[in-house]
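K.L.:
Quick one: structure below, then a few questions.
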Amino acid sequence: ALLAWEPEESERSTAAEVFSNTFCLDFSASYEDEAGVAHSQDLVPGGRDVPVTLENRDEFVKLYCAWVLTGSVSKQFEPFKTGFGRVGESPLLRALTGVELARIVMGEVDIELERLQPKAKYEGFGPADECVLWFWDVLRELAPAQRRAFLSFVTGSDRSPVGGLGEVQLTVQRGPSDPAGKRLPSAHTCFNTLLLPAYTSRKKLRDALLMAIENTEGFGLE
């Protein structure tokens with residue numbers, strides 16, 4: 001609002017005065033400490049006596065943003081910076097580009113769930129069992145948002161590790177028998193394990209899987 005403000009046509013001759021009276025700011029920032037006590041921090045020497053005007057508002061915004069993002073949190077940030085430096089100052093990390101480091105920390109955005117199939121292992125099922133074939137068939141037709149929801153449901157993260165989903169070993173474990181198809185799939189995210197009941201139809205499997213991944217709440221990595 002401060003930078004976007006423009007005077008009305010009738011106020012252009014007194015714009016500086018109208019601006020000052022509208023915002024009533026000086027080169028200081030007000031905040032409360034942990035005990036709720038109010039404080040004022042000068043953004044320039046003697047900032048409380050320097051009014052923000054139409055001409056210097058750009059400088060005020062830059063100084064205020066810098067204080068909010070760095071100065072106001074320096075007490076909390078410095079210990080973090082020190083601790084991070086003990087880990088991050090290694091030659092290995094220095095050799096990485098920002099993109100490469102982001103891939104390691106944040107994972108890949110690959111959501112081609114078909115890449116899970118070659119390394120998948122089965123407990124209580126065989127790879128050619130009808131229920132397993134239905135399962136992979138359903139995964140292939142999921143929309144992107146549903147694919148991310150499935151990945152989060154099974155692994156705890158909606159992103160894949162470095163190298164893509166081909167590096168993830170999914171375990172499809174046979175769940176308790178449920179002829180009525182009312183039991184939902186569940187997962188052990190720490191082990192990338194899906195507990196899949198032996199559904200008697202593709203429709204029951206699809207409906208139950210979507211119900212599980214779209215309504216689940218629990219442990220996850222954002």
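In the structure tokens, chains take letters A, B, ... by order of appearance, with residues numbered from 1 within each chain and ligands from 1 in the order shown.
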Enumerate as a PyMOL selection string all residues of stretch 61-207 of chain A assigned to strand (DSSP E or B) by DSSP on the backbone, naming them with the chain letters and numbers the document uses.

P.N.:
chain A and resi 108+121-123+157+160+171-174+186-188+193-196

K.L.:
For all heavy atoms, I'd like the residues from the last selection saved as a short mmCIF file (atom, residue, chain, number, x, y, z; two decimals), in the first residue's frame.

P.N.:
data_model
loop_
_atom_site.label_atom_id
_atom_site.label_comp_id
_atom_site.auth_asym_id
_atom_site.auth_seq_id
_atom_site.Cartn_x
_atom_site.Cartn_y
_atom_site.Cartn_z
N GLU A 108 12.75 -35.24 -5.86
CA GLU A 108 12.35 -35.00 -7.23
C GLU A 108 10.84 -34.78 -7.31
O GLU A 108 10.10 -35.12 -6.40
CB GLU A 108 12.71 -36.24 -8.09
CG GLU A 108 14.19 -36.60 -8.06
CD GLU A 108 14.97 -35.90 -9.15
OE1 GLU A 108 14.40 -35.01 -9.81
OE2 GLU A 108 16.13 -36.25 -9.34
N LYS A 121 8.10 -55.40 -4.55
CA LYS A 121 8.07 -56.77 -4.07
C LYS A 121 6.72 -57.01 -3.39
O LYS A 121 6.02 -56.08 -3.00
CB LYS A 121 9.23 -57.05 -3.12
CG LYS A 121 9.19 -56.31 -1.80
CD LYS A 121 10.37 -56.76 -0.92
CE LYS A 121 10.30 -56.12 0.45
NZ LYS A 121 11.39 -56.60 1.34
N TYR A 122 6.38 -58.28 -3.27
CA TYR A 122 5.04 -58.64 -2.82
C TYR A 122 5.11 -59.62 -1.66
O TYR A 122 5.97 -60.52 -1.64
CB TYR A 122 4.25 -59.25 -3.98
CG TYR A 122 4.23 -58.36 -5.21
CD1 TYR A 122 5.20 -58.50 -6.21
CD2 TYR A 122 3.29 -57.36 -5.35
CE1 TYR A 122 5.21 -57.68 -7.32
CE2 TYR A 122 3.28 -56.52 -6.46
CZ TYR A 122 4.25 -56.69 -7.44
OH TYR A 122 4.26 -55.86 -8.52
N GLU A 123 4.21 -59.43 -0.73
CA GLU A 123 4.09 -60.33 0.42
C GLU A 123 2.63 -60.77 0.52
O GLU A 123 1.74 -59.97 0.77
CB GLU A 123 4.53 -59.62 1.70
CG GLU A 123 5.99 -59.20 1.70
CD GLU A 123 6.40 -58.46 2.96
OE1 GLU A 123 5.54 -58.28 3.85
OE2 GLU A 123 7.58 -58.05 3.06
N SER A 157 5.97 -38.73 1.76
CA SER A 157 6.36 -37.54 1.03
C SER A 157 5.75 -37.59 -0.36
O SER A 157 5.70 -38.67 -0.98
CB SER A 157 7.88 -37.43 0.92
OG SER A 157 8.24 -36.34 0.06
N SER A 160 9.66 -37.74 -4.90
CA SER A 160 10.50 -38.93 -4.96
C SER A 160 11.94 -38.58 -4.60
O SER A 160 12.33 -37.42 -4.66
CB SER A 160 10.45 -39.54 -6.37
OG SER A 160 10.89 -38.60 -7.32
N THR A 171 6.66 -52.10 -1.31
CA THR A 171 6.21 -53.44 -0.92
C THR A 171 4.69 -53.44 -0.88
O THR A 171 4.08 -52.61 -0.21
CB THR A 171 6.76 -53.81 0.47
OG1 THR A 171 8.19 -53.85 0.42
CG2 THR A 171 6.24 -55.19 0.90
N VAL A 172 4.10 -54.35 -1.62
CA VAL A 172 2.64 -54.51 -1.62
C VAL A 172 2.33 -55.76 -0.79
O VAL A 172 2.62 -56.88 -1.21
CB VAL A 172 2.08 -54.65 -3.04
CG1 VAL A 172 0.55 -54.79 -3.00
CG2 VAL A 172 2.48 -53.45 -3.90
N GLN A 173 1.79 -55.52 0.37
CA GLN A 173 1.54 -56.61 1.32
C GLN A 173 0.04 -56.92 1.35
O GLN A 173 -0.79 -56.02 1.39
CB GLN A 173 2.03 -56.20 2.70
CG GLN A 173 1.96 -57.30 3.75
CD GLN A 173 2.50 -56.81 5.08
OE1 GLN A 173 1.76 -56.47 6.00
NE2 GLN A 173 3.83 -56.75 5.17
N ARG A 174 -0.27 -58.22 1.32
CA ARG A 174 -1.68 -58.63 1.35
C ARG A 174 -2.30 -58.28 2.70
O ARG A 174 -1.78 -58.66 3.75
CB ARG A 174 -1.81 -60.13 1.10
CG ARG A 174 -3.24 -60.61 0.85
CD ARG A 174 -3.28 -62.13 0.73
NE ARG A 174 -4.58 -62.59 0.28
CZ ARG A 174 -4.86 -63.00 -0.94
NH1 ARG A 174 -3.90 -62.99 -1.87
NH2 ARG A 174 -6.07 -63.40 -1.28
N SER A 186 -4.03 -49.48 3.85
CA SER A 186 -3.26 -48.71 4.82
C SER A 186 -1.79 -48.80 4.43
O SER A 186 -1.44 -49.49 3.48
CB SER A 186 -3.50 -49.20 6.25
OG SER A 186 -3.19 -50.59 6.36
N ALA A 187 -0.94 -48.09 5.16
CA ALA A 187 0.47 -48.06 4.76
C ALA A 187 1.38 -47.92 5.96
O ALA A 187 0.99 -47.38 7.00
CB ALA A 187 0.71 -46.92 3.78
N HIS A 188 2.61 -48.42 5.81
CA HIS A 188 3.70 -48.17 6.75
C HIS A 188 4.70 -47.29 6.01
O HIS A 188 5.53 -47.78 5.24
CB HIS A 188 4.36 -49.48 7.19
CG HIS A 188 3.44 -50.42 7.91
ND1 HIS A 188 2.66 -50.04 8.98
CD2 HIS A 188 3.17 -51.75 7.70
CE1 HIS A 188 1.95 -51.07 9.42
NE2 HIS A 188 2.23 -52.11 8.65
N THR A 193 5.55 -49.45 2.53
CA THR A 193 4.74 -50.65 2.43
C THR A 193 3.26 -50.31 2.36
O THR A 193 2.74 -49.56 3.17
CB THR A 193 4.98 -51.57 3.65
OG1 THR A 193 6.35 -51.99 3.65
CG2 THR A 193 4.09 -52.80 3.59
N LEU A 194 2.59 -50.86 1.35
CA LEU A 194 1.15 -50.70 1.19
C LEU A 194 0.46 -52.00 1.60
O LEU A 194 0.80 -53.07 1.09
CB LEU A 194 0.80 -50.38 -0.26
CG LEU A 194 -0.68 -50.31 -0.59
CD1 LEU A 194 -1.32 -49.07 0.04
CD2 LEU A 194 -0.91 -50.30 -2.11
N LEU A 195 -0.46 -51.90 2.55
CA LEU A 195 -1.26 -53.05 2.95
C LEU A 195 -2.54 -53.03 2.14
O LEU A 195 -3.41 -52.18 2.34
CB LEU A 195 -1.58 -53.02 4.45
CG LEU A 195 -0.48 -53.53 5.39
CD1 LEU A 195 0.74 -52.62 5.35
CD2 LEU A 195 -1.00 -53.64 6.81
N LEU A 196 -2.64 -53.96 1.20
CA LEU A 196 -3.74 -53.96 0.24
C LEU A 196 -4.63 -55.18 0.45
O LEU A 196 -4.19 -56.32 0.22
CB LEU A 196 -3.17 -53.98 -1.18
CG LEU A 196 -4.17 -53.87 -2.33
CD1 LEU A 196 -4.77 -52.46 -2.36
CD2 LEU A 196 -3.49 -54.19 -3.66
#

K.L.:
Of the candidates A:Ser20, A:Thr200, A:Ser177, A:Thr189, which one gets nearest to A:Thr53 if we count only C-alpha atoms?

P.N.:
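For A:Thr53, the nearest of the given residues is A:Ser20.
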
K.L.:
Residues near A:Gly46, anyone? I mean within 12 Å using only C-alpha atoms, not counting same-chain ones fewer than 6 positions away, as a ChimeraX atom specification.

P.N.:
/A:26-28,40

K.L.:
Just the residues within 10 Å of A:Ala120, please, counting only C-alpha atoms, with nothing from its chain fewer than 4 positions along; format it as a list in words.

P.N.:
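These residues fall inside the cut-off: Arg115, Leu116, Pro127, Gly166, Val168, Gln169, Leu170, Thr171, Val172 and Thr193 of chain A.
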
K.L.:
Taking only C-alpha atoms into account, which of A:Gly98, A:Pro144, A:Gly71, A:Gly83 comes nearest A:Glu112?

P.N.:
A:Pro144

K.L.:
Could you jot down the atom CA of A:Leu209 to atom CA of A:Val162 separation for me, Å, one decimal place?

P.N.:
26.4 Å

K.L.:
When you look at A:Phe60 with a cut-off of 12 Å (counting only C-alpha atoms), what residues show up, excluding the ones that are within fewer than 4 positions of it in the same chain? I need them as a PyMOL selection string.

P.N.:
chain A and resi 2-3+25-29+42-44+47+50-56+64-67

K.L.:
Write out as a ChimeraX atom specification which residues come within 10 Å of A:Cys131 when counting only C-alpha atoms, dropping same-chain ones fewer than 4 positions away.

P.N.:
/A:125-127,135-137,174,196-202,205

K.L.:
What is the distance between atom CA of A:Leu101 and atom CA of A:Arg86, in Å to one decimal?

P.N.:
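Result for atom CA of A:Leu101 versus atom CA of A:Arg86: 16.5 Å, one decimal.
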
K.L.:
In Å, rounded to a single decimal, give me how far atom CA of A:Ser152 is from atom CA of A:Asp207.

P.N.:
17.9 Å

K.L.:
Give the alpha helix (DSSP H) residues of stretch 3-207 of chain A, as assigned by DSSP on the backbone, as a ChimeraX atom specification.

P.N.:
/A:15-23,57-69,74-88,91-94,98-106,130-140,144-155,202-207

K.L.:
Based on the selection just made, write C-alpha atoms of those residues as a PDB file, in the first residue's frame.

P.N.:
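Saved as out_31.pdb:
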ATOM      1  CA  ALA A  15       0.545  15.140  -2.275  1.00  0.00           C
ATOM      2  CA  ALA A  16       3.525  15.176   0.116  1.00  0.00           C
ATOM      3  CA  GLU A  17       1.427  16.519   2.974  1.00  0.00           C
ATOM      4  CA  VAL A  18      -1.456  14.106   2.282  1.00  0.00           C
ATOM      5  CA  PHE A  19       0.984  11.186   2.177  1.00  0.00           C
ATOM      6  CA  SER A  20       2.544  12.110   5.525  1.00  0.00           C
ATOM      7  CA  ASN A  21      -0.848  12.597   7.161  1.00  0.00           C
ATOM      8  CA  THR A  22      -2.171   9.327   5.745  1.00  0.00           C
ATOM      9  CA  PHE A  23       0.652   7.015   6.833  1.00  0.00           C
ATOM     10  CA  ARG A  57       9.327   5.782   0.870  1.00  0.00           C
ATOM     11  CA  ASP A  58      11.290   3.389  -1.394  1.00  0.00           C
ATOM     12  CA  GLU A  59      14.268   3.568   0.949  1.00  0.00           C
ATOM     13  CA  PHE A  60      12.016   2.993   3.975  1.00  0.00           C
ATOM     14  CA  VAL A  61      10.437  -0.123   2.444  1.00  0.00           C
ATOM     15  CA  LYS A  62      13.858  -1.596   1.594  1.00  0.00           C
ATOM     16  CA  LEU A  63      15.202  -0.954   5.107  1.00  0.00           C
ATOM     17  CA  TYR A  64      12.040  -2.235   6.768  1.00  0.00           C
ATOM     18  CA  CYS A  65      12.023  -5.464   4.709  1.00  0.00           C
ATOM     19  CA  ALA A  66      15.711  -6.014   5.471  1.00  0.00           C
ATOM     20  CA  TRP A  67      15.031  -5.569   9.191  1.00  0.00           C
ATOM     21  CA  VAL A  68      12.010  -7.926   9.177  1.00  0.00           C
ATOM     22  CA  LEU A  69      13.858 -10.670   7.286  1.00  0.00           C
ATOM     23  CA  SER A  74      19.111 -12.293  14.230  1.00  0.00           C
ATOM     24  CA  LYS A  75      18.936 -13.641  17.791  1.00  0.00           C
ATOM     25  CA  GLN A  76      17.207 -16.803  16.594  1.00  0.00           C
ATOM     26  CA  PHE A  77      19.016 -17.048  13.261  1.00  0.00           C
ATOM     27  CA  GLU A  78      22.625 -16.834  14.426  1.00  0.00           C
ATOM     28  CA  PRO A  79      22.579 -20.162  16.374  1.00  0.00           C
ATOM     29  CA  PHE A  80      20.946 -21.815  13.345  1.00  0.00           C
ATOM     30  CA  LYS A  81      23.565 -20.286  11.037  1.00  0.00           C
ATOM     31  CA  THR A  82      26.364 -21.545  13.288  1.00  0.00           C
ATOM     32  CA  GLY A  83      24.930 -25.058  13.428  1.00  0.00           C
ATOM     33  CA  PHE A  84      24.229 -25.178   9.708  1.00  0.00           C
ATOM     34  CA  GLY A  85      27.756 -23.962   9.019  1.00  0.00           C
ATOM     35  CA  ARG A  86      29.218 -26.923  10.890  1.00  0.00           C
ATOM     36  CA  VAL A  87      27.462 -29.224   8.440  1.00  0.00           C
ATOM     37  CA  GLY A  88      27.272 -27.073   5.332  1.00  0.00           C
ATOM     38  CA  PRO A  91      33.825 -29.417   0.395  1.00  0.00           C
ATOM     39  CA  LEU A  92      31.140 -31.835  -0.794  1.00  0.00           C
ATOM     40  CA  LEU A  93      28.305 -29.355  -0.369  1.00  0.00           C
ATOM     41  CA  ARG A  94      30.393 -26.546  -1.831  1.00  0.00           C
ATOM     42  CA  GLY A  98      21.869 -24.839  -5.868  1.00  0.00           C
ATOM     43  CA  VAL A  99      19.707 -27.033  -8.112  1.00  0.00           C
ATOM     44  CA  GLU A 100      21.608 -30.178  -7.118  1.00  0.00           C
ATOM     45  CA  LEU A 101      21.369 -29.361  -3.407  1.00  0.00           C
ATOM     46  CA  ALA A 102      17.631 -28.673  -3.752  1.00  0.00           C
ATOM     47  CA  ARG A 103      17.143 -32.080  -5.388  1.00  0.00           C
ATOM     48  CA  ILE A 104      18.895 -33.777  -2.469  1.00  0.00           C
ATOM     49  CA  VAL A 105      17.012 -31.856   0.215  1.00  0.00           C
ATOM     50  CA  MET A 106      13.591 -31.596  -1.427  1.00  0.00           C
ATOM     51  CA  GLU A 130      -5.470 -60.322 -10.430  1.00  0.00           C
ATOM     52  CA  CYS A 131      -5.670 -57.892  -7.504  1.00  0.00           C
ATOM     53  CA  VAL A 132      -2.087 -56.757  -8.106  1.00  0.00           C
ATOM     54  CA  LEU A 133      -2.729 -56.218 -11.812  1.00  0.00           C
ATOM     55  CA  TRP A 134      -5.811 -54.157 -10.960  1.00  0.00           C
ATOM     56  CA  PHE A 135      -3.716 -52.130  -8.528  1.00  0.00           C
ATOM     57  CA  TRP A 136      -1.105 -51.134 -11.130  1.00  0.00           C
ATOM     58  CA  ASP A 137      -3.820 -50.489 -13.679  1.00  0.00           C
ATOM     59  CA  VAL A 138      -5.558 -48.089 -11.271  1.00  0.00           C
ATOM     60  CA  LEU A 139      -2.290 -46.265 -10.506  1.00  0.00           C
ATOM     61  CA  ARG A 140      -1.677 -45.659 -14.199  1.00  0.00           C
ATOM     62  CA  PRO A 144      -1.359 -35.911 -11.080  1.00  0.00           C
ATOM     63  CA  ALA A 145      -2.835 -34.707  -7.763  1.00  0.00           C
ATOM     64  CA  GLN A 146      -3.987 -38.245  -6.952  1.00  0.00           C
ATOM     65  CA  ARG A 147      -0.545 -39.617  -7.825  1.00  0.00           C
ATOM     66  CA  ARG A 148       1.069 -37.205  -5.363  1.00  0.00           C
ATOM     67  CA  ALA A 149      -1.530 -38.159  -2.760  1.00  0.00           C
ATOM     68  CA  PHE A 150      -0.740 -41.863  -3.264  1.00  0.00           C
ATOM     69  CA  LEU A 151       3.000 -41.245  -3.003  1.00  0.00           C
ATOM     70  CA  SER A 152       2.503 -39.284   0.222  1.00  0.00           C
ATOM     71  CA  PHE A 153       0.198 -41.996   1.559  1.00  0.00           C
ATOM     72  CA  VAL A 154       2.751 -44.766   1.017  1.00  0.00           C
ATOM     73  CA  THR A 155       6.097 -43.012   1.552  1.00  0.00           C
ATOM     74  CA  ARG A 202     -11.260 -53.624  -9.798  1.00  0.00           C
ATOM     75  CA  LYS A 203     -13.971 -51.100  -8.929  1.00  0.00           C
ATOM     76  CA  LYS A 204     -13.851 -51.989  -5.221  1.00  0.00           C
ATOM     77  CA  LEU A 205     -10.063 -51.665  -5.257  1.00  0.00           C
ATOM     78  CA  ARG A 206     -10.155 -48.300  -7.024  1.00  0.00           C
ATOM     79  CA  ASP A 207     -12.882 -46.858  -4.803  1.00  0.00           C
TER      80      ASP A 207
END

K.L.:
Which residue gives the smallest distance to A:Ser30 among A:Arg48, A:Arg12, A:Arg159, A:Arg183, with only C-alpha atoms counted?

P.N.:
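The shortest atom-to-atom distance to A:Ser30 comes from A:Arg48.
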